[in-house]
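Visitor: Dropping the structure in here first, questions after.
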Amino acid sequence: MVSVNNITLSFGSFNLLDGITFSIGEKERIGLVGKNGAGKSTLMKLICGDIAPTSGSVDKPDALEIGFLPQVMEHHKGRSVFDETMTAFRKIILMREELESATASLSERTDYESQSYLKLIDRVNELNDALSVVQDVPPEVAARKTLLGLGFKEDELDRKTETFSQGWNMRIELAKILLQKPDLLLLDEPTNHLDIESIEWFEDYLKSYRGAVMLVSHDRRFLDNVTGRTIEIMLGHLHDYRVPYSQYVELRSERLAQQQASYENQQRMIEKTEEFIAKFRYKPTKSNQVQSRIKALDKLERIEVDETDNVTLNVKFPPAPRAGDVVFKASGVTVGYPQKVVFRNADIEVKRGEKVALIGRNGEGKTTLMRLIMGELSPIEGEARIGHNVRIGYYAQNQEDVLDKTATVWDTLERAAVGEIRTKLREILAGFLFRGEDIDKKVSVLSGGERARLGMARLMLQPYNLLALDEPTNHMDIKSKDILKQALKAYDGTLIVVSHDRDFLDGLVDKMYEFRDGKVSEHLGGVQDFLEKRKLEDLKELERRFQVEKQEKPVDNKKSASQKQFQESKAREKEQRKLRSRVTWLEKEIEKYEDRMKKLEEKLSAPGDGDDVMELTRAYLEDKRFLDAYTEEWGELVEKLG
């Protein structure tokens, strides 16, 4: 569908992308990964045609429709959320209007034999055929369903777009792209402004999407749930793995380890050969052997170890000064703004050393609570207070607005630093990957990830005993997020964090406050416990609705019992057939993988001149992973069938 051919993109003598080649097939789900600044967003712009490569080409059919959601875009103003979203159906709306006009014209005309009348009939038929293809669901219904799935409420659809934040406007743009149903979706960090429930809806949507999808995301679980192929950009080069993200991490580690082992083995062989040549070069009796080995070394294809970017964040928060037992307490608080109450009658208590997450739909009050904690807001009702000797380190969600764009990276830290810590500014900046000329960059030219790192670096300047972090991982790459998570787990103070990243929260927090429909409720335990509980509650709600609908329908008691038994019997038979069919399929797959692995074992035991041992090993390990999973599933299903 799309072919990227030997693309290089240079800036002066620096190659951001260097000889990249790959293709995107129909219905593929590709995760594009790499560190911040590796060139992921740039590659998407090259595929769209927004920028041109220094060399190489992107080949795609003329009729191919691409939907591109960049990280930053202009948002339209002046329309309601619903009306702006409906602009996605501009082609359909124009076809509808033309059809109505043509139909009205036909009803008024009487020149049935004329050429123009016959042409008009043909056009009406064409429009009807085209609309029947693209209009499987009425546009108004599809737009409403998509907006609600992305987290908008019914009563918000008539509000003007300019009354919403940048994050919510990003959702409108995402809705428009999804509704256009392009052949290829290019999504650059689409989950940054989505809450957990919207992310789960979005995952289900993408799984059933009819076109191809390539996306950049730093949400490991989202990548695993949606994608089946991972393309990594590292130091200008591309590495392609036909597996989801977590498997890619394992395979990449295995590939590099195998590559390193092969390289070291070859180096030992070369060293021994060179020692033999040096030792017997001038002995006539060994001249043939020496010449043979010299030729063998000349022909030897030298193994190279892929260059890797191992530069990582170095985050360690200063020890927390001791605070009182209760760090923050709110009793019966109602909080909001003159035009809107955000949540009512909330009781919140955070104790020293707790790691607490604030979760829920955007706009429900998480950032508002952060402002209450910081003293920027006062409650309308109730009482909120900070505990004894609490010192707060605050990371705002909108670093773009908080940081001075005219200042340099160095200036940003120097202005906030006091006392002895000023002597360690270079060390702190280096820990957050600002080295050499980077410290003289203006904040205005920094990427989203770089601004996030700079904002986090400011928290190193003083010892805090309460870290209040509002969406700290937005724009951070996966490796940086993992390092930040470990640093926060090791932090001996109290943490209050707003995040929609399930993988980041999992194992980090032990308590959550959920903001939902104007109320705040406490949940003890981790994020996985909460999600499972929430799904159960949603299922119970569906069950209650079903029971109400069932009670409203008249029931023939004589027939209901036998019908129920019959339906249960049919359902069991259907389930048994599905299980037997799956077992048969698994047996074929197991046999196929066993045959493939046997052939690979034979090749690996005696590789030929043209065999790539590393590629054969990778294929063998990948097949073994599938075989183990299929064998385990087969055993479970056979046990169920009895």
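Within each chain, counting starts at residue 1; across the structure tokens, chains are named A, B, ... in the order shown, with ligands numbered 1 upward in that order.
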When you look at range 612-627 of chain A with a cut-off of 7 Å (counting only C-alpha atoms), what residues show up, excluding the ones that are within fewer than 4 positions of it in the same chain? I need them as a list of chain:residue names.
Guide: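 So, after excluding close chain neighbours, the residues are A:Arg255, A:Gln258, A:Gln259, A:Ile590, A:Tyr593, A:Met597, A:Leu600, A:Leu604, A:Thr631.
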Visitor: Just write the chosen residues, all heavy atoms, as an mmCIF file, in the first residue's frame.
Guide:
data_model
loop_
_atom_site.group_PDB
_atom_site.id
_atom_site.type_symbol
_atom_site.label_atom_id
_atom_site.label_comp_id
_atom_site.auth_asym_id
_atom_site.auth_seq_id
_atom_site.Cartn_x
_atom_site.Cartn_y
_atom_site.Cartn_z
ATOM 1 N N ARG A 255 18.231 -10.431 20.087
ATOM 2 C CA ARG A 255 18.979 -10.178 18.845
ATOM 3 C C ARG A 255 20.327 -9.532 19.139
ATOM 4 O O ARG A 255 21.366 -9.950 18.610
ATOM 5 C CB ARG A 255 18.155 -9.271 17.924
ATOM 6 C CG ARG A 255 18.862 -8.887 16.621
ATOM 7 C CD ARG A 255 18.001 -7.991 15.767
ATOM 8 N NE ARG A 255 17.802 -6.682 16.338
ATOM 9 C CZ ARG A 255 18.646 -5.657 16.207
ATOM 10 N NH1 ARG A 255 19.773 -5.812 15.534
ATOM 11 N NH2 ARG A 255 18.379 -4.497 16.745
ATOM 12 N N GLN A 258 22.629 -12.061 20.840
ATOM 13 C CA GLN A 258 23.127 -13.030 19.862
ATOM 14 C C GLN A 258 24.170 -12.388 18.949
ATOM 15 O O GLN A 258 25.205 -12.990 18.632
ATOM 16 C CB GLN A 258 21.952 -13.562 19.028
ATOM 17 C CG GLN A 258 22.332 -14.527 17.920
ATOM 18 C CD GLN A 258 22.893 -15.824 18.464
ATOM 19 O OE1 GLN A 258 22.426 -16.315 19.483
ATOM 20 N NE2 GLN A 258 23.886 -16.379 17.808
ATOM 21 N N GLN A 259 23.879 -11.148 18.570
ATOM 22 C CA GLN A 259 24.804 -10.416 17.708
ATOM 23 C C GLN A 259 26.142 -10.201 18.417
ATOM 24 O O GLN A 259 27.209 -10.396 17.823
ATOM 25 C CB GLN A 259 24.166 -9.063 17.352
ATOM 26 C CG GLN A 259 24.740 -8.392 16.124
ATOM 27 C CD GLN A 259 23.987 -7.114 15.823
ATOM 28 O OE1 GLN A 259 23.915 -6.215 16.648
ATOM 29 N NE2 GLN A 259 23.420 -7.031 14.631
ATOM 30 N N ILE A 590 0.251 -26.176 15.671
ATOM 31 C CA ILE A 590 1.337 -26.800 16.450
ATOM 32 C C ILE A 590 2.203 -27.667 15.543
ATOM 33 O O ILE A 590 3.441 -27.615 15.602
ATOM 34 C CB ILE A 590 0.740 -27.628 17.614
ATOM 35 C CG1 ILE A 590 0.182 -26.682 18.687
ATOM 36 C CG2 ILE A 590 1.791 -28.562 18.221
ATOM 37 C CD1 ILE A 590 -0.678 -27.361 19.727
ATOM 38 N N TYR A 593 4.350 -25.374 13.306
ATOM 39 C CA TYR A 593 5.487 -24.759 13.998
ATOM 40 C C TYR A 593 6.546 -25.795 14.362
ATOM 41 O O TYR A 593 7.749 -25.506 14.334
ATOM 42 C CB TYR A 593 5.006 -24.003 15.240
ATOM 43 C CG TYR A 593 4.503 -22.615 14.917
ATOM 44 C CD1 TYR A 593 3.146 -22.339 14.838
ATOM 45 C CD2 TYR A 593 5.400 -21.580 14.667
ATOM 46 C CE1 TYR A 593 2.683 -21.070 14.526
ATOM 47 C CE2 TYR A 593 4.956 -20.302 14.359
ATOM 48 C CZ TYR A 593 3.595 -20.050 14.288
ATOM 49 O OH TYR A 593 3.149 -18.789 13.973
ATOM 50 N N MET A 597 10.369 -25.470 13.157
ATOM 51 C CA MET A 597 11.464 -25.440 14.125
ATOM 52 C C MET A 597 12.460 -26.568 13.881
ATOM 53 O O MET A 597 13.672 -26.396 14.081
ATOM 54 C CB MET A 597 10.894 -25.521 15.543
ATOM 55 C CG MET A 597 10.211 -24.230 15.991
ATOM 56 S SD MET A 597 9.382 -24.400 17.581
ATOM 57 C CE MET A 597 10.812 -24.635 18.637
ATOM 58 N N LEU A 600 14.660 -25.413 11.130
ATOM 59 C CA LEU A 600 15.575 -24.380 11.620
ATOM 60 C C LEU A 600 16.691 -24.984 12.469
ATOM 61 O O LEU A 600 17.843 -24.556 12.406
ATOM 62 C CB LEU A 600 14.799 -23.342 12.440
ATOM 63 C CG LEU A 600 13.926 -22.367 11.634
ATOM 64 C CD1 LEU A 600 12.981 -21.604 12.553
ATOM 65 C CD2 LEU A 600 14.792 -21.377 10.852
ATOM 66 N N LEU A 604 20.624 -24.555 11.889
ATOM 67 C CA LEU A 604 21.476 -23.982 12.927
ATOM 68 C C LEU A 604 22.597 -24.925 13.335
ATOM 69 O O LEU A 604 23.680 -24.487 13.749
ATOM 70 C CB LEU A 604 20.626 -23.623 14.158
ATOM 71 C CG LEU A 604 19.778 -22.352 14.030
ATOM 72 C CD1 LEU A 604 18.726 -22.285 15.124
ATOM 73 C CD2 LEU A 604 20.665 -21.113 14.071
ATOM 74 N N THR A 631 0.456 -24.617 22.443
ATOM 75 C CA THR A 631 0.414 -25.899 23.155
ATOM 76 C C THR A 631 -0.297 -25.753 24.500
ATOM 77 O O THR A 631 -1.103 -26.601 24.892
ATOM 78 C CB THR A 631 1.850 -26.435 23.374
ATOM 79 O OG1 THR A 631 2.517 -26.532 22.115
ATOM 80 C CG2 THR A 631 1.820 -27.804 24.030
#
Visitor: To one decimal place, how far is CA of Leu637 in chain A from CA of Asn225 in chain A in Å?
Guide: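 According to the coordinates, CA of Leu637 in chain A and CA of Asn225 in chain A are separated by 23.3 Å.
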Visitor: Counting only C-alpha atoms, what is within 9 Å of Arg344 in chain A, bar same-chain residues fewer than 4 positions away, as a PDB file with N, CA, C and O atoms, in the first residue's frame?
Guide:
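Contents of around_19.pdb, as written:
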ATOM      1  N   GLY A 332     -15.560  17.401  53.208  1.00  0.00           N
ATOM      2  CA  GLY A 332     -16.812  17.942  52.670  1.00  0.00           C
ATOM      3  C   GLY A 332     -16.621  19.103  51.715  1.00  0.00           C
ATOM      4  O   GLY A 332     -17.437  20.031  51.681  1.00  0.00           O
ATOM      5  N   VAL A 333     -15.547  19.055  50.888  1.00  0.00           N
ATOM      6  CA  VAL A 333     -15.250  20.209  50.023  1.00  0.00           C
ATOM      7  C   VAL A 333     -16.067  20.176  48.732  1.00  0.00           C
ATOM      8  O   VAL A 333     -16.254  19.127  48.113  1.00  0.00           O
ATOM      9  N   THR A 334     -16.553  21.336  48.382  1.00  0.00           N
ATOM     10  CA  THR A 334     -17.161  21.572  47.070  1.00  0.00           C
ATOM     11  C   THR A 334     -16.255  22.572  46.372  1.00  0.00           C
ATOM     12  O   THR A 334     -15.936  23.632  46.933  1.00  0.00           O
ATOM     13  N   VAL A 335     -15.808  22.217  45.174  1.00  0.00           N
ATOM     14  CA  VAL A 335     -14.789  23.030  44.494  1.00  0.00           C
ATOM     15  C   VAL A 335     -15.235  23.322  43.068  1.00  0.00           C
ATOM     16  O   VAL A 335     -15.873  22.488  42.412  1.00  0.00           O
ATOM     17  N   GLY A 336     -14.895  24.513  42.595  1.00  0.00           N
ATOM     18  CA  GLY A 336     -15.222  24.847  41.218  1.00  0.00           C
ATOM     19  C   GLY A 336     -14.899  26.287  40.915  1.00  0.00           C
ATOM     20  O   GLY A 336     -14.082  26.931  41.600  1.00  0.00           O
ATOM     21  N   GLU A 381     -17.283  25.255  49.545  1.00  0.00           N
ATOM     22  CA  GLU A 381     -17.779  24.778  50.835  1.00  0.00           C
ATOM     23  C   GLU A 381     -16.764  23.780  51.395  1.00  0.00           C
ATOM     24  O   GLU A 381     -15.998  23.179  50.662  1.00  0.00           O
ATOM     25  N   GLY A 518     -19.125  14.513  39.093  1.00  0.00           N
ATOM     26  CA  GLY A 518     -19.206  15.489  40.179  1.00  0.00           C
ATOM     27  C   GLY A 518     -18.936  14.932  41.562  1.00  0.00           C
ATOM     28  O   GLY A 518     -19.088  15.647  42.565  1.00  0.00           O
ATOM     29  N   LYS A 519     -18.534  13.665  41.656  1.00  0.00           N
ATOM     30  CA  LYS A 519     -18.241  13.049  42.945  1.00  0.00           C
ATOM     31  C   LYS A 519     -16.803  12.530  42.949  1.00  0.00           C
ATOM     32  O   LYS A 519     -16.239  12.240  41.904  1.00  0.00           O
ATOM     33  N   VAL A 520     -16.249  12.393  44.154  1.00  0.00           N
ATOM     34  CA  VAL A 520     -14.896  11.846  44.323  1.00  0.00           C
ATOM     35  C   VAL A 520     -14.998  10.631  45.236  1.00  0.00           C
ATOM     36  O   VAL A 520     -15.518  10.728  46.349  1.00  0.00           O
TER      37      VAL A 520
END
Visitor: For Ile121 in chain A, which residue among A:Ala104, A:Leu508, A:Leu495, A:Ile177 is the nearest when counting only C-alpha atoms?
Guide: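 Looking at the shortest contact to Ile121 in chain A, the residue is A:Ala104.
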Visitor: I'd like the interatomic distance between CA of Ala63 in chain A and CA of Met170 in chain A, to a tenth of an Å.
Guide: 26.6 Å
Visitor: Given only C-alpha atoms, how would the per-residue table for range 181-232 of chain A near range 39-52 of chain A read, listing every residue at most 8 Å away with its closest atom pair and distance in Å to one decimal, sorted by chain and number, as a Markdown table?
Guide:
| residue | atom | partner | partner_atom | distance |
| --- | --- | --- | --- | --- |
| A:Leu186 | CA | A:Met44 | CA | 6.7 |
| A:Asp188 | CA | A:Ser41 | CA | 6.6 |
| A:Val216 | CA | A:Lys40 | CA | 7.2 |
Visitor: What's around Val249 in chain A at 12 Å? Count only C-alpha atoms, leave out sequence neighbours fewer than 6 positions away in its own chain, and write the answer as a PyMOL selection string.
Guide: chain A and resi 33-34+220+224+229-232+239-243+255-256+478-479
Visitor: Include all heavy atoms and write out the residues we just selected as a short mmCIF file (atom, residue, chain, number, x, y, z; two decimals), in the first residue's frame.
Guide:
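For reference, again_12.cif as written:
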data_model
loop_
_atom_site.label_atom_id
_atom_site.label_comp_id
_atom_site.auth_asym_id
_atom_site.auth_seq_id
_atom_site.Cartn_x
_atom_site.Cartn_y
_atom_site.Cartn_z
N VAL A 33 8.23 3.29 17.35
CA VAL A 33 8.83 3.58 18.65
C VAL A 33 10.25 4.11 18.49
O VAL A 33 10.88 3.95 17.45
CB VAL A 33 8.82 2.34 19.57
CG1 VAL A 33 7.42 1.83 19.78
CG2 VAL A 33 9.72 1.23 19.01
N GLY A 34 10.74 4.70 19.55
CA GLY A 34 12.09 5.27 19.57
C GLY A 34 12.12 6.41 20.56
O GLY A 34 11.08 6.89 21.03
N ARG A 220 2.79 1.67 26.77
CA ARG A 220 3.18 0.30 26.46
C ARG A 220 1.97 -0.61 26.31
O ARG A 220 1.88 -1.41 25.38
CB ARG A 220 4.08 -0.22 27.59
CG ARG A 220 4.69 -1.59 27.35
CD ARG A 220 5.19 -2.18 28.66
NE ARG A 220 6.02 -1.24 29.41
CZ ARG A 220 7.34 -1.18 29.31
NH1 ARG A 220 7.98 -1.99 28.52
NH2 ARG A 220 8.01 -0.30 30.03
N ASP A 224 0.62 -2.76 23.02
CA ASP A 224 0.43 -4.21 23.06
C ASP A 224 -0.98 -4.61 22.64
O ASP A 224 -1.18 -5.62 21.97
CB ASP A 224 0.72 -4.75 24.47
CG ASP A 224 2.20 -4.98 24.71
OD1 ASP A 224 2.95 -5.06 23.72
OD2 ASP A 224 2.61 -5.07 25.88
N ARG A 229 2.89 -5.17 14.99
CA ARG A 229 4.21 -4.98 14.38
C ARG A 229 4.84 -3.75 15.00
O ARG A 229 4.14 -2.76 15.26
CB ARG A 229 4.04 -4.79 12.86
CG ARG A 229 5.34 -4.53 12.09
CD ARG A 229 5.02 -4.32 10.61
NE ARG A 229 6.15 -3.90 9.82
CZ ARG A 229 6.07 -3.44 8.57
NH1 ARG A 229 4.89 -3.35 7.98
NH2 ARG A 229 7.16 -3.07 7.92
N THR A 230 6.13 -3.80 15.26
CA THR A 230 6.83 -2.69 15.90
C THR A 230 8.02 -2.27 15.04
O THR A 230 8.87 -3.09 14.72
CB THR A 230 7.33 -3.10 17.30
OG1 THR A 230 6.22 -3.57 18.07
CG2 THR A 230 7.96 -1.92 18.01
N ILE A 231 8.04 -0.99 14.68
CA ILE A 231 9.17 -0.42 13.93
C ILE A 231 9.89 0.54 14.85
O ILE A 231 9.30 1.48 15.38
CB ILE A 231 8.69 0.29 12.65
CG1 ILE A 231 8.14 -0.73 11.64
CG2 ILE A 231 9.81 1.10 12.03
CD1 ILE A 231 7.60 -0.12 10.37
N GLU A 232 11.17 0.28 15.05
CA GLU A 232 11.99 1.10 15.94
C GLU A 232 12.92 1.98 15.11
O GLU A 232 13.56 1.50 14.17
CB GLU A 232 12.82 0.20 16.85
CG GLU A 232 13.79 0.96 17.74
CD GLU A 232 14.83 0.04 18.37
OE1 GLU A 232 15.42 -0.79 17.64
OE2 GLU A 232 15.06 0.16 19.57
N HIS A 239 14.67 -0.64 12.57
CA HIS A 239 14.64 -2.06 12.90
C HIS A 239 13.18 -2.50 12.95
O HIS A 239 12.38 -1.91 13.68
CB HIS A 239 15.35 -2.32 14.23
CG HIS A 239 16.75 -1.81 14.28
ND1 HIS A 239 17.80 -2.47 13.67
CD2 HIS A 239 17.28 -0.68 14.81
CE1 HIS A 239 18.92 -1.78 13.86
NE2 HIS A 239 18.63 -0.69 14.54
N ASP A 240 12.86 -3.53 12.17
CA ASP A 240 11.47 -3.93 11.96
C ASP A 240 11.20 -5.28 12.65
O ASP A 240 11.89 -6.27 12.38
CB ASP A 240 11.20 -4.04 10.46
CG ASP A 240 9.72 -4.05 10.13
OD1 ASP A 240 8.90 -4.23 11.04
OD2 ASP A 240 9.39 -3.87 8.94
N TYR A 241 10.22 -5.32 13.54
CA TYR A 241 9.85 -6.54 14.24
C TYR A 241 8.36 -6.81 14.02
O TYR A 241 7.54 -5.93 14.29
CB TYR A 241 10.11 -6.41 15.75
CG TYR A 241 11.55 -6.20 16.12
CD1 TYR A 241 12.14 -4.93 16.03
CD2 TYR A 241 12.33 -7.25 16.59
CE1 TYR A 241 13.47 -4.74 16.38
CE2 TYR A 241 13.66 -7.06 16.95
CZ TYR A 241 14.22 -5.80 16.84
OH TYR A 241 15.53 -5.60 17.20
N ARG A 242 8.01 -8.00 13.58
CA ARG A 242 6.61 -8.33 13.30
C ARG A 242 5.91 -8.86 14.54
O ARG A 242 5.27 -9.91 14.51
CB ARG A 242 6.54 -9.36 12.17
CG ARG A 242 7.26 -8.90 10.91
CD ARG A 242 6.28 -8.49 9.85
NE ARG A 242 6.96 -7.82 8.75
CZ ARG A 242 6.34 -7.15 7.81
NH1 ARG A 242 5.04 -7.03 7.84
NH2 ARG A 242 6.99 -6.55 6.84
N VAL A 243 6.02 -8.14 15.63
CA VAL A 243 5.42 -8.54 16.90
C VAL A 243 4.98 -7.28 17.65
O VAL A 243 5.47 -6.19 17.37
CB VAL A 243 6.41 -9.34 17.78
CG1 VAL A 243 6.74 -10.68 17.16
CG2 VAL A 243 7.70 -8.54 18.02
N ARG A 255 18.23 -10.43 20.09
CA ARG A 255 18.98 -10.18 18.84
C ARG A 255 20.33 -9.53 19.14
O ARG A 255 21.37 -9.95 18.61
CB ARG A 255 18.16 -9.27 17.92
CG ARG A 255 18.86 -8.89 16.62
CD ARG A 255 18.00 -7.99 15.77
NE ARG A 255 17.80 -6.68 16.34
CZ ARG A 255 18.65 -5.66 16.21
NH1 ARG A 255 19.77 -5.81 15.53
NH2 ARG A 255 18.38 -4.50 16.75
N LEU A 256 20.32 -8.52 20.02
CA LEU A 256 21.56 -7.82 20.34
C LEU A 256 22.53 -8.74 21.10
O LEU A 256 23.74 -8.70 20.88
CB LEU A 256 21.27 -6.57 21.16
CG LEU A 256 20.55 -5.44 20.42
CD1 LEU A 256 20.18 -4.31 21.37
CD2 LEU A 256 21.41 -4.90 19.27
N ILE A 478 9.12 5.69 26.24
CA ILE A 478 8.83 4.59 27.15
C ILE A 478 9.98 4.34 28.13
O ILE A 478 9.77 4.11 29.32
CB ILE A 478 8.49 3.31 26.35
CG1 ILE A 478 7.15 3.51 25.63
CG2 ILE A 478 8.44 2.09 27.25
CD1 ILE A 478 6.76 2.41 24.67
N LYS A 479 11.21 4.40 27.63
CA LYS A 479 12.36 4.15 28.52
C LYS A 479 12.44 5.22 29.60
O LYS A 479 12.68 4.92 30.78
CB LYS A 479 13.66 4.12 27.71
CG LYS A 479 14.87 3.69 28.53
CD LYS A 479 16.15 3.74 27.73
CE LYS A 479 16.30 2.57 26.80
NZ LYS A 479 17.64 2.52 26.17
#
Visitor: Taking 2 positions as the minimum chain separation for residues in the same chain, which residues sit within 10 Å of Thr163 in chain A when counting only C-alpha atoms? Answer as a ChimeraX atom specification.
Guide: /A:77-78,80-81,159-161,165-166,168-169
Visitor: Taking 3 positions as the minimum chain separation for residues in the same chain, which residues sit within 12 Å of range 11-13 of chain A when counting only C-alpha atoms? Answer as number ranges by chain.
Guide: A: 8, 16-18, 53-54
Visitor: Atoms to include: C-alpha atoms. Write the selected residues as an mmCIF file, in the first residue's frame.
Guide:
data_model
loop_
_atom_site.group_PDB
_atom_site.id
_atom_site.type_symbol
_atom_site.label_atom_id
_atom_site.label_comp_id
_atom_site.auth_asym_id
_atom_site.auth_seq_id
_atom_site.Cartn_x
_atom_site.Cartn_y
_atom_site.Cartn_z
ATOM 1 C CA THR A 8 17.482 9.843 4.015
ATOM 2 C CA LEU A 16 18.138 12.271 11.184
ATOM 3 C CA LEU A 17 16.999 9.332 9.024
ATOM 4 C CA ASP A 18 19.603 7.325 7.117
ATOM 5 C CA PRO A 53 13.292 13.666 1.939
ATOM 6 C CA THR A 54 16.872 14.599 1.093
#
Visitor: Please provide the set of residues having any atom within 9 Å of Gln180 in chain A, restricted to only C-alpha atoms, with same-chain residues fewer than 6 positions apart removed, written as a PDB file with C-alpha atoms, in the first residue's frame.
Guide:
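Output contents, as saved in part.pdb:
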ATOM      1  CA  GLY A  67      -5.629  10.569   7.951  1.00  0.00           C
ATOM      2  CA  ALA A  88     -15.694  15.205   8.447  1.00  0.00           C
ATOM      3  CA  PHE A  89     -18.681  14.242   6.268  1.00  0.00           C
TER       4      PHE A  89
END
Visitor: Looking at A:Met214, A:Val445, A:Val409, A:Leu9, which one is nearest to Ala457 in chain A, with distances taken over only C-alpha atoms?
Guide: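 Among the listed residues, the smallest separation from Ala457 in chain A belongs to A:Val409.
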